[in-house]
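J.: Following this line is entry_29.cif, made up of mmCIF, C-alpha atoms:
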data_run
#
loop_
_atom_site.label_atom_id
_atom_site.label_comp_id
_atom_site.auth_asym_id
_atom_site.auth_seq_id
_atom_site.Cartn_x
_atom_site.Cartn_y
_atom_site.Cartn_z
CA MET A 1 -12.45 -26.69 -1.83
CA LEU A 2 -8.73 -26.00 -2.20
CA HIS A 3 -9.40 -23.44 -4.92
CA ALA A 4 -11.79 -21.59 -2.59
CA VAL A 5 -9.15 -21.49 0.17
CA GLN A 6 -6.52 -20.24 -2.29
CA THR A 7 -8.88 -17.53 -3.51
CA LEU A 8 -9.67 -16.42 0.04
CA LEU A 9 -5.98 -16.24 0.87
CA LEU A 10 -5.37 -14.11 -2.23
CA LEU A 11 -8.26 -11.81 -1.33
CA ALA A 12 -6.48 -10.97 1.92
CA PHE A 13 -4.01 -8.86 -0.06
CA PRO A 14 -6.42 -6.37 -1.66
CA ALA A 15 -8.57 -6.29 1.48
CA LEU A 16 -5.61 -5.40 3.69
CA VAL A 17 -4.04 -2.79 1.40
CA ILE A 18 -7.44 -1.12 0.92
CA ALA A 19 -7.94 -1.17 4.71
CA GLY A 20 -4.53 0.45 5.13
CA ALA A 21 -5.38 3.13 2.58
CA LEU A 22 -8.73 3.92 4.15
CA LYS A 23 -7.26 4.05 7.64
CA ASP A 24 -4.48 6.36 6.44
CA LEU A 25 -6.94 8.58 4.58
CA THR A 26 -9.18 9.01 7.61
CA SER A 27 -6.62 9.11 10.43
CA PHE A 28 -3.15 9.66 8.91
CA THR A 29 -2.03 6.39 10.52
CA ILE A 30 -1.64 2.83 9.29
CA PRO A 31 -1.91 0.32 12.13
CA ASN A 32 1.00 -2.09 12.45
CA ALA A 33 -1.57 -4.90 12.51
CA ILE A 34 -2.30 -4.36 8.80
CA SER A 35 1.34 -4.64 7.73
CA LEU A 36 1.90 -7.57 10.10
CA ALA A 37 -1.17 -9.36 8.73
CA LEU A 38 0.12 -8.91 5.18
CA ALA A 39 3.48 -10.34 6.18
CA ALA A 40 1.91 -13.22 8.12
CA VAL A 41 -0.56 -14.29 5.43
CA PHE A 42 2.02 -14.18 2.62
CA PRO A 43 3.83 -17.45 3.47
CA VAL A 44 0.52 -19.24 4.01
CA ALA A 45 -0.78 -18.02 0.64
CA ALA A 46 2.53 -18.81 -1.08
CA LEU A 47 2.54 -22.38 0.22
CA ALA A 48 -1.17 -22.92 -0.48
CA LEU A 49 -0.69 -21.75 -4.07
CA GLY A 50 2.41 -23.89 -4.58
CA LEU A 51 4.84 -21.04 -5.14
CA ALA A 52 8.36 -22.38 -5.67
CA PRO A 53 10.80 -21.84 -2.79
CA SER A 54 13.01 -19.77 -5.09
CA ALA A 55 10.07 -17.47 -5.93
CA ILE A 56 9.28 -17.14 -2.22
CA GLY A 57 12.91 -16.21 -1.59
CA VAL A 58 12.85 -13.59 -4.33
CA SER A 59 9.63 -12.13 -2.90
CA VAL A 60 11.22 -11.95 0.54
CA ALA A 61 14.24 -10.18 -0.97
CA VAL A 62 11.97 -7.70 -2.78
CA GLY A 63 10.10 -7.07 0.48
CA ALA A 64 13.39 -6.52 2.34
CA ALA A 65 14.62 -4.12 -0.35
CA ALA A 66 11.33 -2.23 -0.14
CA LEU A 67 11.69 -2.04 3.64
CA VAL A 68 15.15 -0.49 3.25
CA MET A 69 13.77 1.97 0.67
CA GLY A 70 10.82 2.76 2.93
CA MET A 71 13.12 3.34 5.91
CA GLY A 72 15.17 5.71 3.78
CA MET A 73 12.07 7.63 2.69
CA PHE A 74 10.92 7.75 6.31
CA ALA A 75 14.33 9.00 7.47
CA ALA A 76 14.19 11.72 4.80
CA GLY A 77 10.76 12.76 6.09
CA TRP A 78 9.00 11.94 2.83
CA ILE A 79 6.63 9.32 4.25
CA GLY A 80 5.48 8.11 7.65
CA GLY A 81 6.58 4.95 9.42
CA GLY A 82 3.29 3.19 8.72
CA ASP A 83 3.67 4.01 5.03
CA ALA A 84 7.16 2.47 4.99
CA LYS A 85 5.90 -0.73 6.61
CA LEU A 86 2.87 -1.01 4.30
CA PHE A 87 5.13 -0.34 1.30
CA ALA A 88 7.40 -3.26 2.29
CA ALA A 89 4.61 -5.66 3.24
CA ALA A 90 2.86 -5.09 -0.09
CA ALA A 91 6.14 -5.54 -2.01
CA LEU A 92 6.53 -8.93 -0.35
CA TRP A 93 3.35 -10.08 -2.08
CA LEU A 94 4.24 -8.57 -5.44
CA GLY A 95 7.69 -10.08 -5.89
CA LEU A 96 10.03 -9.22 -8.72
CA PRO A 97 7.53 -9.36 -11.59
CA GLY A 98 5.31 -6.77 -9.94
CA ALA A 99 8.03 -4.56 -8.41
CA LEU A 100 8.49 -2.14 -11.31
CA THR A 101 4.76 -1.76 -11.90
CA TYR A 102 4.30 -1.25 -8.15
CA LEU A 103 6.92 1.49 -8.02
CA LEU A 104 5.62 3.18 -11.15
CA PHE A 105 1.96 3.22 -10.15
CA THR A 106 2.73 4.17 -6.55
CA GLY A 107 4.77 7.13 -7.78
CA ILE A 108 2.11 8.25 -10.24
CA ALA A 109 -0.65 7.86 -7.66
CA GLY A 110 1.46 9.71 -5.08
CA GLY A 111 1.98 12.60 -7.47
CA ALA A 112 -1.72 12.74 -8.31
CA LEU A 113 -2.57 12.60 -4.60
CA ALA A 114 -0.18 15.47 -3.86
CA VAL A 115 -1.60 17.62 -6.66
CA GLY A 116 -5.14 16.85 -5.53
CA LEU A 117 -4.32 17.77 -1.95
CA LEU A 118 -2.67 21.01 -3.05
CA GLY A 119 -5.90 21.92 -4.80
CA LEU A 120 -8.05 20.82 -1.87
CA ARG A 121 -5.88 22.81 0.52
CA SER A 122 -5.85 25.97 -1.60
CA PRO A 123 -7.36 29.09 0.00
CA ARG A 124 -9.89 29.51 -2.82
CA LEU A 125 -11.32 26.03 -2.49
CA ARG A 126 -11.23 26.06 1.30
CA ALA A 127 -13.29 29.28 1.28
CA VAL A 128 -16.19 27.57 -0.49
CA MET A 129 -15.77 24.05 0.90
CA PRO A 130 -18.82 22.86 2.78
CA ALA A 131 -18.46 21.28 6.18
CA GLY A 132 -17.82 17.58 6.15
CA PRO A 133 -16.60 14.77 8.34
CA ALA A 134 -13.71 15.59 10.68
CA TRP A 135 -11.28 13.41 8.69
CA PHE A 136 -12.07 15.34 5.50
CA ILE A 137 -11.64 18.71 7.19
CA ARG A 138 -8.27 17.52 8.50
CA LEU A 139 -7.31 16.23 5.04
CA ALA A 140 -8.04 19.68 3.60
CA GLU A 141 -5.98 21.46 6.27
CA PRO A 142 -2.96 23.26 4.79
CA GLY A 143 0.32 21.84 6.05
CA GLU A 144 -1.24 18.53 7.09
CA ASN A 145 0.49 15.28 6.18
CA VAL A 146 -0.17 13.33 2.99
CA PRO A 147 -1.88 9.95 3.47
CA TYR A 148 0.60 8.16 1.20
CA GLY A 149 -0.94 4.80 2.09
CA VAL A 150 -3.55 5.62 -0.55
CA ALA A 151 -0.87 5.81 -3.27
CA ILE A 152 0.76 2.63 -1.96
CA ALA A 153 -2.57 0.81 -2.20
CA VAL A 154 -3.15 2.05 -5.77
CA GLY A 155 0.31 0.84 -6.81
CA ALA A 156 -0.12 -2.48 -5.04
CA LEU A 157 -3.52 -3.16 -6.59
CA ALA A 158 -2.23 -2.22 -10.05
CA ALA A 159 0.71 -4.63 -9.72
CA PHE A 160 -1.11 -7.51 -8.04
CA PRO A 161 -2.41 -9.17 -11.23
CA ILE A 162 1.19 -9.73 -12.44
CA SER A 163 2.48 -10.94 -9.06
CA PRO A 164 3.74 -14.52 -8.71
CA LEU A 165 0.86 -15.38 -6.39
CA ALA A 166 -1.86 -14.14 -8.73
CA ALA A 167 -0.18 -15.97 -11.62
CA HIS A 168 -0.38 -19.26 -9.71
CA LEU A 169 -4.12 -19.14 -9.21
#
Would you give me this structure, written as structure tokens?
T.:
Amino acid sequence: MLHAVQTLLLLAFPALVIAGALKDLTSFTIPNAISLALAAVFPVAALALGLAPSAIGVSVAVGAAALVMGMGMFAAGWIGGGDAKLFAAAALWLGLPGALTYLLFTGIAGGALAVGLLGLRSPRLRAVMPAGPAWFIRLAEPGENVPYGVAIAVGALAAFPISPLAAHL
């Protein structure tokens, strides 16, 4: 029974980061509720999985550092506020072991996303693009924002298997 509860708590992480990515992709917003849920479920999952207090502290420090980085990227106009909050909330779950992988994969996914959107938003492709859902048409609009929550989710999911929480299962 305990193993099932631990597994369900761990499944909250991928479910929430995927929800954030999908919401960002379709609306260019990430609701605060997603980042808050990630932050709220983390201590419950950490305690249920028996994570050492020192490892919890390190994860909190990594999350705080990611929040500062995210605020800086937001202030520079590189990402949105929801992206910065999702970035920090995901980092909280990934801790120090997953931090480098998280940064690396988020950066690679962000670059791939930007290149893909440049292609999608090119005049040649837009001229032959069939009609689609409103969110897709908006995504293909030149000058529109980049749903960076997608890249954050890719990085988070890539790093999750080496996180302290996943290692304790």
J.: Within 12 Å of Gly110 in chain A, counting all atoms listed in the file, which residues qualify if same-chain residues fewer than 3 places away don't, as a list in words?
T.: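 Returned residues: Trp78, Ile79, Asp83, Tyr102, Leu103, Leu104, Phe105, Thr106, Gly107, Leu113, Ala114, Val115, Gly116, Leu117, Val146, Pro147, Tyr148, Gly149, Val150, Ala151, Ile152, Ala153, Val154 and Gly155 of chain A.
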J.: Store the residues picked out above, limited to C-alpha atoms, as an mmCIF file, keeping the file's coordinate frame.
T.:
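out.cif, freshly written:
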data_model
loop_
_atom_site.group_PDB
_atom_site.id
_atom_site.type_symbol
_atom_site.label_atom_id
_atom_site.label_comp_id
_atom_site.auth_asym_id
_atom_site.auth_seq_id
_atom_site.Cartn_x
_atom_site.Cartn_y
_atom_site.Cartn_z
ATOM 1 C CA TRP A 78 9.000 11.940 2.830
ATOM 2 C CA ILE A 79 6.630 9.320 4.250
ATOM 3 C CA ASP A 83 3.670 4.010 5.030
ATOM 4 C CA TYR A 102 4.300 -1.250 -8.150
ATOM 5 C CA LEU A 103 6.920 1.490 -8.020
ATOM 6 C CA LEU A 104 5.620 3.180 -11.150
ATOM 7 C CA PHE A 105 1.960 3.220 -10.150
ATOM 8 C CA THR A 106 2.730 4.170 -6.550
ATOM 9 C CA GLY A 107 4.770 7.130 -7.780
ATOM 10 C CA LEU A 113 -2.570 12.600 -4.600
ATOM 11 C CA ALA A 114 -0.180 15.470 -3.860
ATOM 12 C CA VAL A 115 -1.600 17.620 -6.660
ATOM 13 C CA GLY A 116 -5.140 16.850 -5.530
ATOM 14 C CA LEU A 117 -4.320 17.770 -1.950
ATOM 15 C CA VAL A 146 -0.170 13.330 2.990
ATOM 16 C CA PRO A 147 -1.880 9.950 3.470
ATOM 17 C CA TYR A 148 0.600 8.160 1.200
ATOM 18 C CA GLY A 149 -0.940 4.800 2.090
ATOM 19 C CA VAL A 150 -3.550 5.620 -0.550
ATOM 20 C CA ALA A 151 -0.870 5.810 -3.270
ATOM 21 C CA ILE A 152 0.760 2.630 -1.960
ATOM 22 C CA ALA A 153 -2.570 0.810 -2.200
ATOM 23 C CA VAL A 154 -3.150 2.050 -5.770
ATOM 24 C CA GLY A 155 0.310 0.840 -6.810
#
J.: I'd like the neighbourhood of Leu100 in chain A as a list in words, where a residue qualifies if any of its atoms comes within 12 Å (using all atoms listed in the file), though same-chain residues fewer than 6 positions away should be ignored.
T.: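 In the requested form, the answer reads Val62, Ala66, Ala91, Leu94, Thr106, Gly107, Gly155, Ala156, Ala158, Ala159, Phe160, Ile162 and Ser163 of chain A.
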J.: Translate the PyMOL selection byres ((chain A and resi 31-47) around 9), as applied to the file shown, into an explicit residue set as a PyMOL selection string.
T.: chain A and resi 6+9-10+12-13+16-17+19-20+23-24+29-30+48-53+56+82+85-90+92-93+164-165
J.: For a quick check of understanding, using only C-alpha atoms, which of A:Ala112, A:Leu157, A:Pro14, A:Ala84 has the smallest distance to Gly72 in chain A?
T.: A:Ala84
J.: Go ahead and compute the interatomic distance for CA of Arg124 in chain A and CA of Gly111 in chain A, in Å to one decimal.
T.: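 Interatomic distance, CA of Arg124 in chain A to CA of Gly111 in chain A: 21.2 Å.
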J.: Measure the distance from CA of Ile18 in chain A to CA of Glu144 in chain A in Å and round it to one decimal.
T.: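 Value for the CA of Ile18 in chain A-CA of Glu144 in chain A distance: 21.5 Å.
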J.: What does the distance from CA of Gly81 in chain A to CA of Phe136 in chain A come to in Å, to one decimal?
T.: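 CA of Gly81 in chain A sits 21.7 Å away from CA of Phe136 in chain A.
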J.: List as a PyMOL selection string the residues having at least one atom at most 7 Å from position (-7.2, 17.7, 3.4) as given in the file, counting all atoms listed in the file.
T.: chain A and resi 117+120-121+136-141
J.: Can you put N, CA and C atoms back into range 48-71 of chain A and show it as a tab-separated table (two decimals), in the coordinates of the input?
T.:
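For reference, out_7.tsv as written:
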chain	number	residue	atom	x	y	z
A	48	ALA	N	0.12	-22.38	-0.01
A	48	ALA	CA	-1.17	-22.92	-0.48
A	48	ALA	C	-1.28	-22.86	-2.00
A	49	LEU	N	-0.63	-21.88	-2.61
A	49	LEU	CA	-0.69	-21.75	-4.07
A	49	LEU	C	0.44	-22.49	-4.77
A	50	GLY	N	1.32	-23.10	-3.99
A	50	GLY	CA	2.41	-23.89	-4.58
A	50	GLY	C	3.52	-23.07	-5.19
A	51	LEU	N	3.76	-21.88	-4.65
A	51	LEU	CA	4.84	-21.04	-5.14
A	51	LEU	C	6.17	-21.72	-4.85
A	52	ALA	N	7.05	-21.73	-5.82
A	52	ALA	CA	8.36	-22.38	-5.67
A	52	ALA	C	9.16	-21.69	-4.58
A	53	PRO	N	9.96	-22.45	-3.83
A	53	PRO	CA	10.80	-21.84	-2.79
A	53	PRO	C	11.68	-20.70	-3.32
A	54	SER	N	12.17	-20.85	-4.53
A	54	SER	CA	13.01	-19.77	-5.09
A	54	SER	C	12.19	-18.51	-5.30
A	55	ALA	N	10.95	-18.63	-5.74
A	55	ALA	CA	10.07	-17.47	-5.93
A	55	ALA	C	9.71	-16.83	-4.58
A	56	ILE	N	9.54	-17.67	-3.56
A	56	ILE	CA	9.28	-17.14	-2.22
A	56	ILE	C	10.51	-16.35	-1.74
A	57	GLY	N	11.68	-16.90	-1.97
A	57	GLY	CA	12.91	-16.21	-1.59
A	57	GLY	C	13.07	-14.88	-2.29
A	58	VAL	N	12.77	-14.85	-3.57
A	58	VAL	CA	12.85	-13.59	-4.33
A	58	VAL	C	11.84	-12.58	-3.78
A	59	SER	N	10.64	-13.03	-3.46
A	59	SER	CA	9.63	-12.13	-2.90
A	59	SER	C	10.08	-11.57	-1.56
A	60	VAL	N	10.70	-12.41	-0.74
A	60	VAL	CA	11.22	-11.95	0.54
A	60	VAL	C	12.32	-10.91	0.32
A	61	ALA	N	13.18	-11.14	-0.66
A	61	ALA	CA	14.24	-10.18	-0.97
A	61	ALA	C	13.65	-8.85	-1.46
A	62	VAL	N	12.62	-8.92	-2.29
A	62	VAL	CA	11.97	-7.70	-2.78
A	62	VAL	C	11.33	-6.95	-1.60
A	63	GLY	N	10.69	-7.69	-0.71
A	63	GLY	CA	10.10	-7.07	0.48
A	63	GLY	C	11.15	-6.41	1.36
A	64	ALA	N	12.29	-7.08	1.53
A	64	ALA	CA	13.39	-6.52	2.34
A	64	ALA	C	13.95	-5.26	1.68
A	65	ALA	N	14.12	-5.30	0.36
A	65	ALA	CA	14.62	-4.12	-0.35
A	65	ALA	C	13.63	-2.97	-0.21
A	66	ALA	N	12.35	-3.27	-0.29
A	66	ALA	CA	11.33	-2.23	-0.14
A	66	ALA	C	11.33	-1.68	1.28
A	67	LEU	N	11.62	-2.52	2.26
A	67	LEU	CA	11.69	-2.04	3.64
A	67	LEU	C	12.86	-1.06	3.80
A	68	VAL	N	13.99	-1.39	3.21
A	68	VAL	CA	15.15	-0.49	3.25
A	68	VAL	C	14.82	0.83	2.55
A	69	MET	N	14.18	0.75	1.38
A	69	MET	CA	13.77	1.97	0.67
A	69	MET	C	12.78	2.78	1.51
A	70	GLY	N	11.82	2.09	2.10
A	70	GLY	CA	10.82	2.76	2.93
A	70	GLY	C	11.45	3.42	4.15
A	71	MET	N	12.42	2.75	4.76
A	71	MET	CA	13.12	3.34	5.91
A	71	MET	C	13.88	4.59	5.49
